[in-house]
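Okay, so here's the structure we're looking at.
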Number of protein chains: 2
Amino acid sequence: MYSEEFDKIVHYRRSNRSFDPEIEVKDEIIEKSIKRAILAPNSSNMQLWEFYWIKSPEELARLTPLCLSQSAAKTAKHMVVFVTRKDLWRSRAKWNYEIIKKTIKGKPSKLQKRGLAYYKKLIPLVYMNDPLYILSSIRKSISFFGGIRKPFYRLGGKSEQRIVVHKSCALAAQNFMLSISAEGFHSCPMEGFDKRRVKKMLKLPYGAEINMIVSVGKGTEKGIWGPRYRVPYEEVVFKR
Amino acid sequence: MYSEEFDKIVHYRRSNRSFDPEIEVKDEIIEKSIKRAILAPNSSNMQLWEFYWIKSPEELARLTPLCLSQSAAKTAKHMVVFVTRKDLWRSRAKWNYEIIKKTIKGKPSKLQKRGLAYYKKLIPLVYMNDPLYILSSIRKSISFFGGIRKPFYRLGGKSEQRIVVHKSCALAAQNFMLSISAEGFHSCPMEGFDKRRVKKMLKLPYGAEINMIVSVGKGTEKGIWGPRYRVPYEEVVFKR
């Protein structure tokens with residue numbers, strides 16, 4: 001279908017660490033790319049993510065030192081902070097539940113019934129927590145005993161919940177970066193930042209976490225540190 | 001550049017839960033897509049990932065019940081298990097270190113010196129662990145005191161290490177799924193599986209973790225459960 005074009009998009013995407021100060025990136029490109037990011041698959045369609053698009057010179061100047069003043073931040077025309085919102089699970093579960101409910105005309109189908117039960121019963125089991133993490137222990141016990149004799153979904157604790165939302169958010173981030181590449185611009189995903197101060201700057205609540213910060217601009221040659229090195233295919237791919 | 005084509009690729013990608021039993025997906029499409037997955041950006045170029053490509057009918061039949069026999073697994077022509085390998089950090093750090101060393105002719109540049117120090121000193125500080133997690137506490141204390149007066153990178157514990165490798169692996173998974181879409185086929189990312197049994201089947205060591213399992217085939221109408229619902233743009237995007 002679009003094999004060659006996609007190949008070019010993937011190869012054009014390199015982390016660029018120094019953007020051209022003269023070349024602007026139009027707002028519509030960022031907006032389009034965030035909209036594509038949102039179309040990424042995500043765990044149970046819970047969409048526990050938010051996107052903080054930083055573009056005014058004042059706000060960029062505030063965020064740059066929190067990214068430890070790395071050049072990818074200093075020279076960026078836009079930065080998008082990808083944020084996970086595990087804490088919003090109740091409202092998102094409700095949102096999904098209501099959508100299914102609206103589709104029901106008359107007697108619910110088997111799929112609709114399963115959908116309703118999924119958001120009403122299973123999702124709370126996965127996301128609910130208590131201050132002492134007693135629920136985490138209960139979940140792990142259920143999984144252990146349930147899984148002794150047959151395959152069983154392993155419910156996790158707080159770390160697993162965090163991993164789930166960060167994974168989904170990263171899927172969106174990759175859509176975003178490829179989109180920037182498809183539009184002929186460059187990006188750099190950053191993990192080197194002061195997460196506490198970024199959260200404070202964005203006035204994020206305790207349960208929110210920064211997934212990554214992606215800076216955008218027109219890349220320069222100097223922004224590419226060298227060739228792209230990867231461990232050989234045979235060492236990381238195993239076929240059965 | 002390829003704005004329209006990318007838009008079509010992103011929109012064509014829907015999680016399909018029932019693949020056409022009559023239509024095969026050629027090996028070269030999977031191979032190409034894994035190669036594109038590997039080109040995703042990843043934390044410090046550590047590439048702490050592996051890809052288990054399951055394609056023989058026998059192995060697919062073994063993996064399907066471990067994915068709780070969901071239809072996306074039952075009808076798949078291929079499944080790729082995305083695996084994180086936090087435990088390989090020493091060898092990957094060494095691999096990166098050696099690559100930088102090889103590029104040095106004569107006196108190392110500032111960038112080269114920084115690169116060598118990065119993989120020799122900073123990476124162990126981030127990835128090293130001990131059975132009692134004393135290092136995690138030390139790291140958190142360093143970050144706390146270092147960050148009192150100025151922005152500081154917050155070193156984490158075991159959970160943060162796991163999140164970092166899962167995020168990078170998810171970036172690769174999204175490249176893979178978009179690639180499958182660009183080739184005119186369909187995929188479904190799965191998190192509902194018995195991770196212990198999958199690890200056992202793949203003979204993975206303790207430190208490895210399953211990131212997600214992506215099944216591939218030619219999608220059917222029945223495999224799409226309904227329209228794609230997303231929380232409105234204005235509720236998840238904040239512009240400054």
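Order determines the names: the first chain of the structure tokens is A, the second B, and so forth; residues in each chain are numbered 1 upward, and ligands are numbered 1 upward as they are shown.
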- Item | Ser33 in chain B environment, 7 Å, only C-alpha atoms, sequence neighbours closer than 2 positions dropped, as a list in words |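 So the residues in contact are Ile29, Ile30, Glu31, Lys35, Arg36, Ala37, Phe176, Ser179 and Ile180 of chain B.
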With C-alpha atoms kept, could you save the residues just selected as an mmCIF file, in the first residue's frame?
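Generated file (out_24.cif):
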data_model
loop_
_atom_site.group_PDB
_atom_site.id
_atom_site.type_symbol
_atom_site.label_atom_id
_atom_site.label_comp_id
_atom_site.auth_asym_id
_atom_site.auth_seq_id
_atom_site.Cartn_x
_atom_site.Cartn_y
_atom_site.Cartn_z
ATOM 1 C CA ILE B 29 6.369 -8.210 5.424
ATOM 2 C CA ILE B 30 6.968 -9.235 9.019
ATOM 3 C CA GLU B 31 10.736 -9.080 8.582
ATOM 4 C CA LYS B 35 13.453 -3.998 10.889
ATOM 5 C CA ARG B 36 11.474 -0.766 10.935
ATOM 6 C CA ALA B 37 10.539 -1.371 14.574
ATOM 7 C CA PHE B 176 5.801 -2.243 13.739
ATOM 8 C CA SER B 179 4.405 -0.739 9.127
ATOM 9 C CA ILE B 180 1.902 -3.612 8.982
#
- Message: To test your reading of the structure, identify every residue in range 46-163 of chain A that backbone DSSP assigns to strand (DSSP E), and report it as a ChimeraX atom specification.
- Response: /A:49-54,78-85
Next, dump the selected residues to file, keeping only N, CA and C atoms, as a PDB file, in the first residue's frame.
ATOM      1  N   TRP A  49      -3.947   9.665  28.966  1.00  0.00           N
ATOM      2  CA  TRP A  49      -2.849  10.507  28.497  1.00  0.00           C
ATOM      3  C   TRP A  49      -3.303  11.941  28.322  1.00  0.00           C
ATOM      4  N   GLU A  50      -2.322  12.838  28.350  1.00  0.00           N
ATOM      5  CA  GLU A  50      -2.569  14.248  28.042  1.00  0.00           C
ATOM      6  C   GLU A  50      -1.348  14.790  27.316  1.00  0.00           C
ATOM      7  N   PHE A  51      -1.557  15.855  26.558  1.00  0.00           N
ATOM      8  CA  PHE A  51      -0.498  16.395  25.717  1.00  0.00           C
ATOM      9  C   PHE A  51      -0.382  17.887  25.996  1.00  0.00           C
ATOM     10  N   TYR A  52       0.738  18.303  26.546  1.00  0.00           N
ATOM     11  CA  TYR A  52       0.959  19.719  26.839  1.00  0.00           C
ATOM     12  C   TYR A  52       1.853  20.283  25.748  1.00  0.00           C
ATOM     13  N   TRP A  53       1.237  21.090  24.923  1.00  0.00           N
ATOM     14  CA  TRP A  53       1.908  21.653  23.763  1.00  0.00           C
ATOM     15  C   TRP A  53       2.470  23.029  24.154  1.00  0.00           C
ATOM     16  N   ILE A  54       3.789  23.101  24.245  1.00  0.00           N
ATOM     17  CA  ILE A  54       4.452  24.335  24.677  1.00  0.00           C
ATOM     18  C   ILE A  54       4.992  25.042  23.434  1.00  0.00           C
ATOM     19  N   HIS A  78       8.828  24.024  19.158  1.00  0.00           N
ATOM     20  CA  HIS A  78       7.694  23.532  19.931  1.00  0.00           C
ATOM     21  C   HIS A  78       8.203  22.389  20.815  1.00  0.00           C
ATOM     22  N   MET A  79       7.565  22.210  21.944  1.00  0.00           N
ATOM     23  CA  MET A  79       7.818  20.995  22.725  1.00  0.00           C
ATOM     24  C   MET A  79       6.457  20.441  23.132  1.00  0.00           C
ATOM     25  N   VAL A  80       6.346  19.128  23.052  1.00  0.00           N
ATOM     26  CA  VAL A  80       5.114  18.500  23.519  1.00  0.00           C
ATOM     27  C   VAL A  80       5.472  17.580  24.685  1.00  0.00           C
ATOM     28  N   VAL A  81       4.832  17.852  25.810  1.00  0.00           N
ATOM     29  CA  VAL A  81       5.055  17.023  26.994  1.00  0.00           C
ATOM     30  C   VAL A  81       3.974  15.943  27.002  1.00  0.00           C
ATOM     31  N   PHE A  82       4.400  14.706  26.889  1.00  0.00           N
ATOM     32  CA  PHE A  82       3.484  13.563  26.936  1.00  0.00           C
ATOM     33  C   PHE A  82       3.314  13.159  28.393  1.00  0.00           C
ATOM     34  N   VAL A  83       2.079  13.136  28.829  1.00  0.00           N
ATOM     35  CA  VAL A  83       1.789  12.941  30.257  1.00  0.00           C
ATOM     36  C   VAL A  83       0.851  11.740  30.428  1.00  0.00           C
ATOM     37  N   THR A  84       1.115  10.914  31.434  1.00  0.00           N
ATOM     38  CA  THR A  84       0.192   9.815  31.749  1.00  0.00           C
ATOM     39  C   THR A  84      -0.730  10.257  32.885  1.00  0.00           C
ATOM     40  N   ARG A  85      -1.988   9.822  32.810  1.00  0.00           N
ATOM     41  CA  ARG A  85      -2.969  10.200  33.826  1.00  0.00           C
ATOM     42  C   ARG A  85      -3.708   8.976  34.377  1.00  0.00           C
TER      43      ARG A  85
END
- Enumerate, as a PyMOL selection string, the complete set of residues in range 30-225 of chain A that a backbone-based DSSP assignment places in alpha helix (DSSP H). chain A and resi 30-38+57-66+71-74+89-103+110-117+123-127+134-146+158-182+195-201
- Determine, counting only C-alpha atoms, which protein, DNA and RNA residues have an atom within 12 Å of an atom of range 99-113 of chain B; residues of the same chain fewer than 2 positions away are not included. Present the result as a list in words. Lys222, Ile224, Trp225, Gly226, Pro227, Arg228, Tyr229, Arg230 and Val231 of chain A; Asn45, Arg92, Ala93, Lys94, Trp95, Asn96, Tyr97, Gly115, Leu116, Ala117, Tyr118, Tyr119, Lys120 and Lys121 of chain B
Store the residues picked out above, limited to C-alpha atoms, as a CSV table (one decimal), in the first residue's frame.
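selection.csv was written with the following content:
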chain,number,residue,atom,x,y,z
A,222,LYS,CA,25.1,19.4,13.5
A,224,ILE,CA,22.8,14.5,14.2
A,225,TRP,CA,25.5,13.1,16.4
A,226,GLY,CA,26.6,10.3,14.1
A,227,PRO,CA,25.3,7.3,12.1
A,228,ARG,CA,22.4,5.3,13.4
A,229,TYR,CA,23.8,2.2,15.2
A,230,ARG,CA,21.7,-0.8,15.9
A,231,VAL,CA,22.5,-4.2,17.4
B,45,ASN,CA,20.4,3.8,22.4
B,92,ARG,CA,24.5,-3.0,25.7
B,93,ALA,CA,26.4,-0.2,27.5
B,94,LYS,CA,29.6,-1.9,26.5
B,95,TRP,CA,28.4,-2.3,22.9
B,96,ASN,CA,27.7,1.5,22.7
B,97,TYR,CA,31.0,2.3,24.4
B,115,GLY,CA,29.9,9.7,25.0
B,116,LEU,CA,32.4,7.4,26.6
B,117,ALA,CA,31.7,8.8,30.1
B,118,TYR,CA,28.0,8.4,29.5
B,119,TYR,CA,28.2,4.7,28.9
B,120,LYS,CA,30.9,4.0,31.4
B,121,LYS,CA,29.6,6.1,34.3
- Note on the structure: The residue from B:Asp7, B:Glu98, B:Asp130, B:Glu209 with the smallest atom-to-atom distance to chain A, counting only C-alpha atoms, is B:Asp7
- Query: Between B:Gly217, B:Pro21, B:Pro205, B:Gly157, which is the closest to chain A once you count only C-alpha atoms?
  - Reply: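 Result for the nearest residue to chain A: B:Gly157.
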- Message: When you look at Lys218 in chain A with a cut-off of 6 Å (counting only C-alpha atoms), what residues show up, excluding the ones that are within fewer than 5 positions of it in the same chain? I need them as a ChimeraX atom specification.
- Response: /A:19-20,185-186
- Message: I'd like the neighbourhood of Lys140 in chain B as a list in words, where a residue qualifies if any of its atoms comes within 8 Å (using only C-alpha atoms), though same-chain residues fewer than 5 positions away should be ignored.
- Response: Arg154, Leu155, Gly156 and Gly157 of chain B
Would you mind exporting C-alpha atoms of the selected residues as a short mmCIF file (atom, residue, chain, number, x, y, z; two decimals), in the first residue's frame?
data_model
loop_
_atom_site.label_atom_id
_atom_site.label_comp_id
_atom_site.auth_asym_id
_atom_site.auth_seq_id
_atom_site.Cartn_x
_atom_site.Cartn_y
_atom_site.Cartn_z
CA ARG B 154 15.59 12.36 38.93
CA LEU B 155 17.19 8.95 39.16
CA GLY B 156 14.70 6.24 39.96
CA GLY B 157 14.39 2.78 41.41
#
- Message: With distances taken over only C-alpha atoms, which residue among A:Ala73, A:Ile163, A:Ile210, A:Ala61 lies nearest chain B?
- Response: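 Closest candidate: A:Ile163.
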- Message: My list of candidates is A:Phe145, A:Leu204, A:Pro151, A:Lys158. Which is closest to Tyr133 in chain A when distances are computed with only C-alpha atoms?
- Response: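 Closest to Tyr133 in chain A, using only C-alpha atoms: A:Lys158.
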- CA of Ser187 in chain A and CA of Pro41 in chain B, how far apart in Å? 10.4 Å
- Item | Counting only C-alpha atoms, the option among B:Ala182, B:Glu4, B:Arg162, B:Lys77 closest to Val25 in chain B |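 Nearest candidate to Val25 in chain B out of B:Ala182, B:Glu4, B:Arg162, B:Lys77: B:Lys77.
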- For chain B, which residue among A:Lys26, A:Lys203, A:Lys74, A:His11 is the nearest when counting only C-alpha atoms? A:His11
- Task: In Å, rounded to a single decimal, give me how far CA of Ala173 in chain B is from CA of Gly223 in chain B.
- Result: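 Distance between the two atoms: 20.3 Å.
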